[in-house]
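*Asks:* Please find one structure pasted underneath; my questions will follow.
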Amino acid sequence: MIQTALFIWLLPLAAFTIQILFGKRLPRKGDWVSITAIGISFVLAISLLIQALTHYDPEFVVTASIPWIDLGSFKINMGIYLDNLAIIMLMVVTTVSFLVHVYSLGYMKGETYYNRFYAYLSLFSFSMLGLILWDNLFGIYIMWELVGICSYLLIGFYFEKDSAANAGKKAFITNRVGDFGFLIGLLIVFTSLGTFNLSEINLGVSQGMLSGGLLTAAGILLFAGAIGKSAQFPLHVWLPDAMEGPTPVSALIHAATMVAAGVYLMARLSFMLSFDAMLVVAYVGGFTALFSATIAITQNDIKRVLAYSTISQLGYMIMAIGVGAYTAGFFHLVTHAMFKAGLFLASGSVIHAVHHSMDKIGEHGDPNDMRNMGGFKSKMPITYLVFLIFSLALSGIPFFSGFLSKDAILGGSLAFALAQHNPIHFLLPVFGFLAAAITAFYMFRLIIMTFYGEPKKPKLFEHIHESPKTMTIPLLTLAFLSLFFVYTIPSINPTTGEGGWFYHLIEKPVSAVSTQLGHAVYQMTEHAEHLAHVSGLMISIVLALAGILLAFAFYFWKKIDVEALTEKIKPLYLLSLNKYYIDEIYNATVIRGLLIWNDFLSWFDGAVIDGLVNSTAWIVRNFSVLDGLFDTYVVDGLVNGVGSAVSAFGKSLRKVQTGQIQNYVLGAVLGTAIIIILTMI
Amino acid sequence: MSNLNSIQYFIPELFLTAAILALIIVDLFLKRKQKSIIAYLSAAASLVAGFLAYQQFSLPATSIFQGMLVLDSFAIFFKILAAFSTVIVVFISLDKFRETAEYFILLLIVTLGMFIMPAVNDILMIIIAMEIVGLISYVLAGIHKTDLKSTEAALKYMIYGAVSTGIMAFGFSLIYGLTGHTNLYDIQMTLASGHVNSVAMFIAFMMVLAGLGYKIAMVPFHFWVPDVYEGAPTPVTAFLSVGPKAAGFALFIRFLVTIVAHPSSGAADTFVQNVDIQAPFLIAVLAVLTMTLGNFSALNQKNIKRMLGYSAIAHVGYMVMALVVFNKDAFGAIMFYMIVYLFMNFGAFWILESLSSKLGGEDIEHYKGLGYRDSFTAVSMAVFMFSLTGLPPLAGFIGKVYLFAAVIKQGWLILALLGVLNSVVSLFYYVSVVKAMFLKQDDELAPIQTSLYHKIMVLILVVPTLVLGVYWSPVIEFTTNSIGLFFGR
C-alpha cells in the first residue's frame, strides 16, 4: 500500500518535470503527460480506497518512514502515514484533479502557456498529495508552502493582466501571515516534544509533555496557518481575488482541495487541540460561515458568489472541527469538494460560453457578470441540470450529499451548545443555521439570474451554446458524486450518513489532551449529537427551503421589489456589496500603516540620520586631514597589509616548491627531524 | 587462519589478479583499433571485484594468511571505494588512452594494491601494499614517455617515494627491534605491556609517519604533489588524488588505532594511547599546517589543475584534522568525506580533462565566459567548485559538517575554528573559477558542442554531489556500519 501511495504521490512530480522541461516540444504541448500521470494516480487511489473498504476498519493505519536528516540529536524522518482519512482525502484530490485536468482540455484550449498550465497543475497535485501523505508536520509544512506557490503561480497565470498578477501576490502575502503562525506553532511543538512526527506528537501530548497554555498557543498558532490557507476571517480577503485565475484552477485549488488543506490539517491535529483552542477554532469558523454568506448575497460576479460561498462552507468545516464534530467536518470537506468543484466547473462552462459569444459579436465586457446572463437554461441544458444538482447539494436539500454533511455539522454545533453550561455558545448553531438559509437564498439567486427569465442581452444570448464533451463529462461525473447514496452505501437512508461506509471508516480520534475538561467535552458532544440530530434536521430543511422560496419570490416571481428593498436598506446593502469594507480597512490600517512607517523611516533616515551626518560632517572635515593620513598609512596599511601578507605568504609558500627534487627530499627529512626535535623539547 | 583456508576470503583479490593476467594476454591478440576493449574489460573487472568485496560484507571479521591480512568491514569499505574510483577513472581516461591498453592494466594492478592496503595487519604487508600502489603510480604518472613534464613528474615522484618509503622502512625496523614483532596486533600488545622505550618508539613512529604522510600528501611530506599532479596526465592526477589517497587513509587509520592506540574495553568506539607521545596534538598541528599550506598555495594559481592539486592537499588537511580524535565519529566522517570527495573531485577533473582541448588549455583564463558557451558544463563545474568549498546545500558541506562535528564534540574548538577559516580562504580560489565562467561574458567565442558521453559522465558525478547535500542518511548509515575494525592475530 505504501508503494501505491508513493506512486500516487510521485507520478505528478514526474509529469511536472517532463512538462516544465520538454512540454513545449511535445506533441499536443504535452497535456497527455499530466493527464496520464494524474489518471494513473486516480486509478491507484481507487485501488487504495477499495483496499480500505475491504479492511473496513476505522483503526486502519499503515506507516513507513526512512531517516532523512540525521545530525546527532536532530533527526527528521521522511515518511508516509496512510489511514482512512488520508486515503479518502487522496481519493478526493485525485478525483477532482483528474476531472479538472480533463476539463481543462476544452477550457484552456489555445492558451499561449498551455503546457505551463499543465505543468503547474501537476506540481500542485504532487504538493497537495504530499501534504496528505507525510507523517510529520515538517514535511506537511514544506508541502503546505509548495501548494501556496502553485496557487500563486496559477492565480497569476494571466500575468499580463495587472489584476491577476496582483491577486497572486495578495494571495501569497496574505497566506504568509497565517504561515508564520504555523511556523511558530511548529517550533513550539518541536522545542517541547523534540519531534515533528504526528504519532509521536500524539504520544507526547498525551504524556503531558506539552500542556496548558503552551498547548493552547500551539493549537491556535497552527490554526493560524489553516486560517490563511482555508481563507477564514480575517484572512479571507485573498480568496475572492484569487478568482482571477483560470476557472479550472478555481475549481481545483480554490474550492475543492488546497483551501480544504486547512481543514485537513485541523482534522489531523484535532487530537492536540485544547478546549480553549477548540473554542477559538469553532468561533472563527462559525463567524466566517455567516459573515461571508452575507457578502455572497449581493455579488454580481458569478465566480465571486461561489468564492464567498466557498469561504462560508469552509467556515462550516472549521466550526465542525472546533465543536468536535470531526467526522461531520471531514464529511463536509469531501461532499463540498465534489459539488463546489462542480459548481466552479459549471460556472466555467457558462463563462466559456459567454466569452466565446462576446468574441463573436465583438463585444468587450465582463463574461463573469450575471447581470448579462439570463435564460441560459434552454441553450445549455446539461450545464443547467448539473448546476441545479450542485446548488441543491450546497443548499442542503435532502437526497443530495450536501444535506448529509451540512446537517451533521449543524447537529454537531447544536449538540455542542446543548452540552455547554454557558448559553453564549448557542451563538454557534445560530451562526450555522442562519448561514444555511442565506446559502440557499444566494445559490438560487445565482441560478435564477443565470438560467431563468428573459435573456438580458439577446444578441449575446444568440451565440450561447453548450460546452464540449471534455467539459460536460467531468460535470456529469461530479453531479453523480453529489448524490446522497454515494456516501450512505450500504444504507440508503437519505437523512443521515451514519449507516454508510464513510461514517464507518472515519472515526473521531481520541483526544490526547489530558485535561478532564477537554476529554469530557469530546465525550459529551458525541452523546448529544444524537439528541440534537432530529431537531437540527428539521430546522435546517425548513431554513433551506425558506431560503430557496425567498430567492424565487425576489428574483423569479418578483413578488418583492428588489430595487425598492435595496433602497430601503441601503447602508446594509452597501456594506455587503463592498464586503464589509474589509479590503479598505486593511488598506487603511495595515497597508497604510506600513507605508506610513515606511515614510517615517525614510524621513528619519533623511532628516535625523542625514542631519546628524551633515552636522558632523564639518567636524569630520576638520579632522579629515589627520584622518586621511591615518587612513592612508594605518588603516589602508593594515588592510592591504593583511591582503598582501596573505598573498605574500602564498607566494613564499610557492617558492618552497622549487621544482628541485633534492630540495623536496631535504624538506621531508628536515621536516621529520624538526618535528621530532620540537616535540621532544 | 592457515594459508589454505584463507584463500576463500581472498576471492576479490584473486579475481583481480586473474583478470590482470588475462587482460595482459588478451592485449597481445588485439589490433590497435580494438584496444579499447581492454578499457571496458578492466572497468568490468574492477566492478566485479568491488561486488565480490561487497559480498564479503556479512562475513565475520577475521584475520587471514596467518595474521598477515585482516578481513573486516572497514577494509571492505575501502576496497569498494577503490574499485568504484577505478571504474570512474577508466571512463575518465577512455578517450585519452584509447589505444594504450597497458594503462588500464596498470590501473587494475594499482587497484589490487589498494585492495590490500586497507586490509594489512603486518608491517611487511604494509610495505608490500604501498610498493604495489607506489611503483605502478610512478609508471602511470610517466605514461606519456615523450612528454618531458610527465616523465619529470614520474621521476620526481619515484625519488620522493623511494626516500619516504625508505624512512618508513627504517621506522619499521626500529619498531621491530623494539617489540620483536611484525604483526600489528602483537606490537600493540607489547606496547600496551609498557616495556618499550617511549623515546625510541616515538622516533620510530615519526619515521613511519613520513611514509604514511607521503602517501596521503600531508605536510611536510607533500612536496611531490604539485609537480606530479601538474605533470601527470589529468586522468592520472584525478586518480592519484582519490584512489591511492583513500587507501592511504585506511592504512593510516589502521596504523594509528593499532600501534599508537588500542581500543579501550574491546569496542572500536574509543581508543586509549599505547605510547606516551602527544600524538593528537602533533596530528592537529600537522593538519592545520596541511590545510593552511594547501589553501594558501592554491591562491593565485593560474592553472586549474595545479590549483586542484594544492586544494587536494587542503582537503587532506581537513580529513587529517578529524584523525585527531580517535573515535568512531571521526572515522565515519572521514569515510563519508572520502565518498563525497570522490564525486566532486572526479567531477572537476573530468570537466578539466574533457574540455581543456576544446578551450585551449587548463588555465582559469581559458574558462572565461564558459557559462555562455556551454551552460550545462559550466553550472556543473560551479556545483563542484562550491561543493569543494563546502557550501550548503551540496555534498561537500555535509561532509565538512561531519568532520568538524567530530572534532568539536571532543572539544577541539580552536582546531575546528582554524579549519573553518581555511574553508573561507578556499572559497576565494574556487570562486575565481566560477567568476571567470559566469561574470566575464565574451561574445566572440562560439558555443561549445559537447558529446553525449561528456554530458552523461558529468551527470553521473554531479547528481550525487547535489543529492548527498540533501539526502545523505543511507550513505552515513553505510559508513557507520562499516567501522568494524578487527584486532587480533
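Ligands are numbered from 1 in the order shown, chains are lettered A, B, ... in the order of the C-alpha cells, and residues start at 1 in each chain.
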Could you please select, counting only C-alpha atoms, the residues of chain B within 7 Å of chain A and state them as a ChimeraX atom specification?

*Replies:* /B:156,160,203,206,210,220-221,223,227,296-297,299,471,473

*Asks:* If we count only C-alpha atoms and set the cut-off at 7 Å, which residues sit around B:Val87, ignoring sequence neighbours fewer than 2 positions away in its own chain? Please answer as a PyMOL selection string.

*Replies:* chain B and resi 43+46-47+83-85+89-91

*Asks:* One number please: atom CA of A:Asp366 to atom CA of A:Tyr114, in Å, one decimal.

*Replies:*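 These two atoms are separated by 22.6 Å.
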
*Asks:* Using atom CA of A:Phe400 and atom CA of A:Pro494 as the two end points, give the distance in Å to one decimal.

*Replies:* 7.9 Å

*Asks:* If we count only C-alpha atoms, what is near stretch 80-82 of chain B at a cut-off of 8 Å, once residues fewer than 6 positions away on the same chain are taken out, given as a list of chain:residue names?

*Replies:*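 My list of contacting residues is B:Gly50, B:Phe51, B:Ala53, B:Tyr54, B:Thr111, B:Met114, B:Phe115, B:Gly243, B:Pro244, B:Ala246, B:Ala247, B:Ile339.
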
*Asks:* Could you give me the residues within stretch 275-349 of chain B that DSSP places in alpha helix (DSSP H), as a VMD selection string?

*Replies:* chain B and resid 279 to 298 304 to 323 328 to 349

*Asks:* Quick one: residues within 8 Å of A:Leu82, only C-alpha atoms counted, chain neighbours fewer than 6 positions away excluded, as a VMD selection string?

*Replies:* chain A and resid 2 61 to 63 133

*Asks:* Store the residues picked out above, limited to N, CA, C and O atoms, as a CSV table (one decimal), in the first residue's frame.

*Replies:*
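New file result.csv:
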```csv
chain,number,residue,atom,x,y,z
A,2,ILE,N,2.0,1.2,0.8
A,2,ILE,CA,2.9,2.3,0.8
A,2,ILE,C,3.4,2.6,-0.6
A,2,ILE,O,3.5,3.8,-1.0
A,61,VAL,N,-4.3,1.7,9.8
A,61,VAL,CA,-3.2,2.7,9.6
A,61,VAL,C,-2.0,1.9,9.0
A,61,VAL,O,-1.7,0.8,9.5
A,62,VAL,N,-1.4,2.4,8.0
A,62,VAL,CA,-0.1,1.9,7.6
A,62,VAL,C,0.9,3.0,7.6
A,62,VAL,O,0.6,4.1,7.1
A,63,THR,N,2.1,2.8,8.1
A,63,THR,CA,3.1,3.8,8.1
A,63,THR,C,4.4,3.2,7.6
A,63,THR,O,4.7,2.0,7.7
A,133,LEU,N,0.0,13.0,2.6
A,133,LEU,CA,0.6,11.7,2.9
A,133,LEU,C,1.7,11.8,4.0
A,133,LEU,O,1.9,10.9,4.7
```

*Asks:* Might you pull out every residue within 9 Å of A:Leu265, with only C-alpha atoms counted and same-chain residues fewer than 6 positions away left off, and present them as a list of chain:residue names?

*Replies:*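 After dropping sequence-adjacent residues, the list is A:Leu131, A:Ile132, A:Ile140, A:Leu222, A:Phe223, A:Ala226.
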
*Asks:* Deliver the residues from the most recent selection as a file, using C-alpha atoms, as a PDB file, in the first residue's frame.

*Replies:*
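The result, written out as out-v5.pdb:
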```
ATOM      1  CA  LEU A 131       0.594  17.293   2.166  1.00  0.00           C
ATOM      2  CA  ILE A 132      -1.907  14.500   2.697  1.00  0.00           C
ATOM      3  CA  ILE A 140       3.470  18.924   5.783  1.00  0.00           C
ATOM      4  CA  LEU A 222      -1.131  26.021  13.913  1.00  0.00           C
ATOM      5  CA  PHE A 223      -4.720  27.010  13.306  1.00  0.00           C
ATOM      6  CA  ALA A 226      -5.320  26.998   8.453  1.00  0.00           C
TER       7      ALA A 226
END
```

*Asks:* Calculate how many Å separate atom CA of A:Ala218 from atom CA of A:Met128, rounding to one decimal.

*Replies:*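 Between atom CA of A:Ala218 and atom CA of A:Met128 the gap is 23.3 Å.
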
*Asks:* Give me the residues near B:Ile11 as a count of residues only, where near means some atom within 12 Å (using only C-alpha atoms) and where sequence neighbours in that chain fewer than 2 positions away do not count.

*Replies:* 24

*Asks:* Given the choices A:Leu183, A:Leu428, A:Val189, A:Ile389, which gets closest to A:Gly411 if the distance is worked out from only C-alpha atoms?

*Replies:*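 Checking each of A:Leu183, A:Leu428, A:Val189, A:Ile389 against A:Gly411, counting only C-alpha atoms, the winner is A:Leu428.
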
*Asks:* Leaving out A:Gly148 and any residue of its chain fewer than 2 positions from it, which residues lie within 9 Å of it when counting only C-alpha atoms, given as a PyMOL selection string?

*Replies:* chain A and resi 124+143-146+150-153+171-172+175+229+258

*Asks:* Here is a test: counting only C-alpha atoms, which residue of A:Ala293, A:Ala546, A:Leu577, A:Ala282 is nearest to A:Phe426?

*Replies:* A:Ala282
